[in-house]
Amino acid sequence: MKIYGIVRSPNKKGNVDLIVSQVLKGAKSRGTEIEKIYLNDLRIKPCQDCVEDPYPKYCFFEDDMEQIYNMLEYCEAVVLGSPVYFDTISAQVKLMIDRSNCLMPWTKLPDGSFGLFGG
């Protein structure tokens, strides 16, 4: 089993990093393989809702989001830590979530078009 920790706080060794690290430490003590990345160190472009399928890639952009896609493909769980700004997640976490829309399960509909699985 592999668990990734994603820390969004710009303060390495700060409270958000500490909380994510403690969760990962608990998982590691039970034999789980862990890895932690700092979202603030990555360069991720905003989603442009391209509508076209970039297959075989996840996205038309080639940026640090590739690390996130690879991580999500091979892990069983993610521990995400973000400071709260204006009662919500940070802009960088929202950016990562928006760029992850290509991971949504799409299915071919009877008319030949594609739509959300079960939607």
# chains A, B, ... in the order shown; residues from 1 in each chain; ligands from 1
>>> residues_around(residues="A:Val51", least_positions_apart="3", cutoff="10 Å", atoms="only C-alpha atoms", output="PyMOL selection string")
chain A and resi 48+54+102
>>> write_last_selection(atoms="C-alpha atoms", output="compact mmCIF listing (two decimals), in the first residue's frame")
# COMPACT_ATOMS: atom_id res chain seq x y z
CA GLN A 48 -8.35 25.70 -19.67
CA PRO A 54 -5.47 14.54 -24.80
CA CYS A 102 -9.31 14.79 -16.54
>>> residues_around(residues="stretch 70-80 of chain A", least_positions_apart="2", cutoff="8 Å", atoms="only C-alpha atoms", output="NGL selection string")
:A and (1-8 or 20 or 23-24 or 66-68 or 82)
>>> residues_around(residues="A:Lys45", least_positions_apart="2", cutoff="8 Å", atoms="only C-alpha atoms", output="NGL selection string")
:A and (43 or 47 or 61 or 63 or 95)
>>> select_by_dssp(residues="stretch 61-117 of chain A", states="strand (DSSP E)", output="JSON list (two decimals) with C-alpha atoms, in the first residue's frame")
[["chain", "number", "residue", "atom", "x", "y", "z"],
["A", 77, "ALA", "CA", -4.78, 7.13, -0.44],
["A", 78, "VAL", "CA", -3.86, 10.81, -0.29],
["A", 79, "VAL", "CA", -3.43, 12.96, 2.79],
["A", 80, "LEU", "CA", -4.02, 16.58, 1.76],
["A", 81, "GLY", "CA", -3.13, 19.45, 4.05],
["A", 106, "TRP", "CA", -16.13, 9.23, -18.75],
["A", 107, "THR", "CA", -18.17, 6.76, -20.73],
["A", 108, "LYS", "CA", -19.31, 6.52, -24.35],
["A", 114, "PHE", "CA", -18.89, 11.04, -24.13],
["A", 115, "GLY", "CA", -20.33, 12.00, -20.75],
["A", 116, "LEU", "CA", -19.72, 11.49, -17.06]]
>>> select_by_dssp(residues="stretch 4-66 of chain A", states="alpha helix (DSSP H)", output="compact mmCIF listing (two decimals) with N, CA and C atoms, in the first residue's frame")
# COMPACT_ATOMS: atom_id res chain seq x y z
N ASN A 15 2.45 24.14 10.88
CA ASN A 15 1.37 23.32 11.42
C ASN A 15 0.78 22.36 10.40
N VAL A 16 0.52 22.82 9.18
CA VAL A 16 -0.07 21.94 8.16
C VAL A 16 0.89 20.81 7.82
N ASP A 17 2.16 21.14 7.65
CA ASP A 17 3.18 20.13 7.36
C ASP A 17 3.28 19.13 8.51
N LEU A 18 3.23 19.63 9.73
CA LEU A 18 3.31 18.77 10.92
C LEU A 18 2.14 17.78 10.97
N ILE A 19 0.93 18.26 10.69
CA ILE A 19 -0.25 17.39 10.74
C ILE A 19 -0.15 16.29 9.67
N VAL A 20 0.19 16.68 8.43
CA VAL A 20 0.32 15.69 7.36
C VAL A 20 1.42 14.69 7.70
N SER A 21 2.53 15.18 8.23
CA SER A 21 3.65 14.31 8.60
C SER A 21 3.26 13.30 9.67
N GLN A 22 2.46 13.72 10.63
CA GLN A 22 2.03 12.81 11.69
C GLN A 22 1.11 11.71 11.16
N VAL A 23 0.22 12.07 10.24
CA VAL A 23 -0.66 11.06 9.63
C VAL A 23 0.19 10.05 8.85
N LEU A 24 1.15 10.56 8.08
CA LEU A 24 2.03 9.67 7.31
C LEU A 24 2.88 8.80 8.22
N LYS A 25 3.33 9.38 9.33
CA LYS A 25 4.13 8.61 10.29
C LYS A 25 3.32 7.43 10.84
N GLY A 26 2.05 7.68 11.15
CA GLY A 26 1.18 6.61 11.63
C GLY A 26 0.99 5.52 10.59
N ALA A 27 0.83 5.92 9.32
CA ALA A 27 0.68 4.94 8.24
C ALA A 27 1.96 4.14 8.06
N LYS A 28 3.09 4.82 8.14
CA LYS A 28 4.38 4.14 7.97
C LYS A 28 4.61 3.12 9.09
N SER A 29 4.16 3.44 10.30
CA SER A 29 4.34 2.52 11.43
C SER A 29 3.56 1.22 11.23
N MET A 65 2.09 19.16 -12.90
CA MET A 65 0.89 18.39 -12.59
C MET A 65 1.08 16.92 -12.95
N GLU A 66 2.02 16.64 -13.85
CA GLU A 66 2.34 15.25 -14.20
C GLU A 66 2.70 14.43 -12.95
>>> atom_distance(atom1="atom CA of A:Met104", atom2="atom CA of A:Asp41")
25.3 Å
>>> closest_residue(among="A:Met96, A:Asn101, A:Ser90, A:Pro10", to="A:Pro46", atoms="only C-alpha atoms")
A:Met96
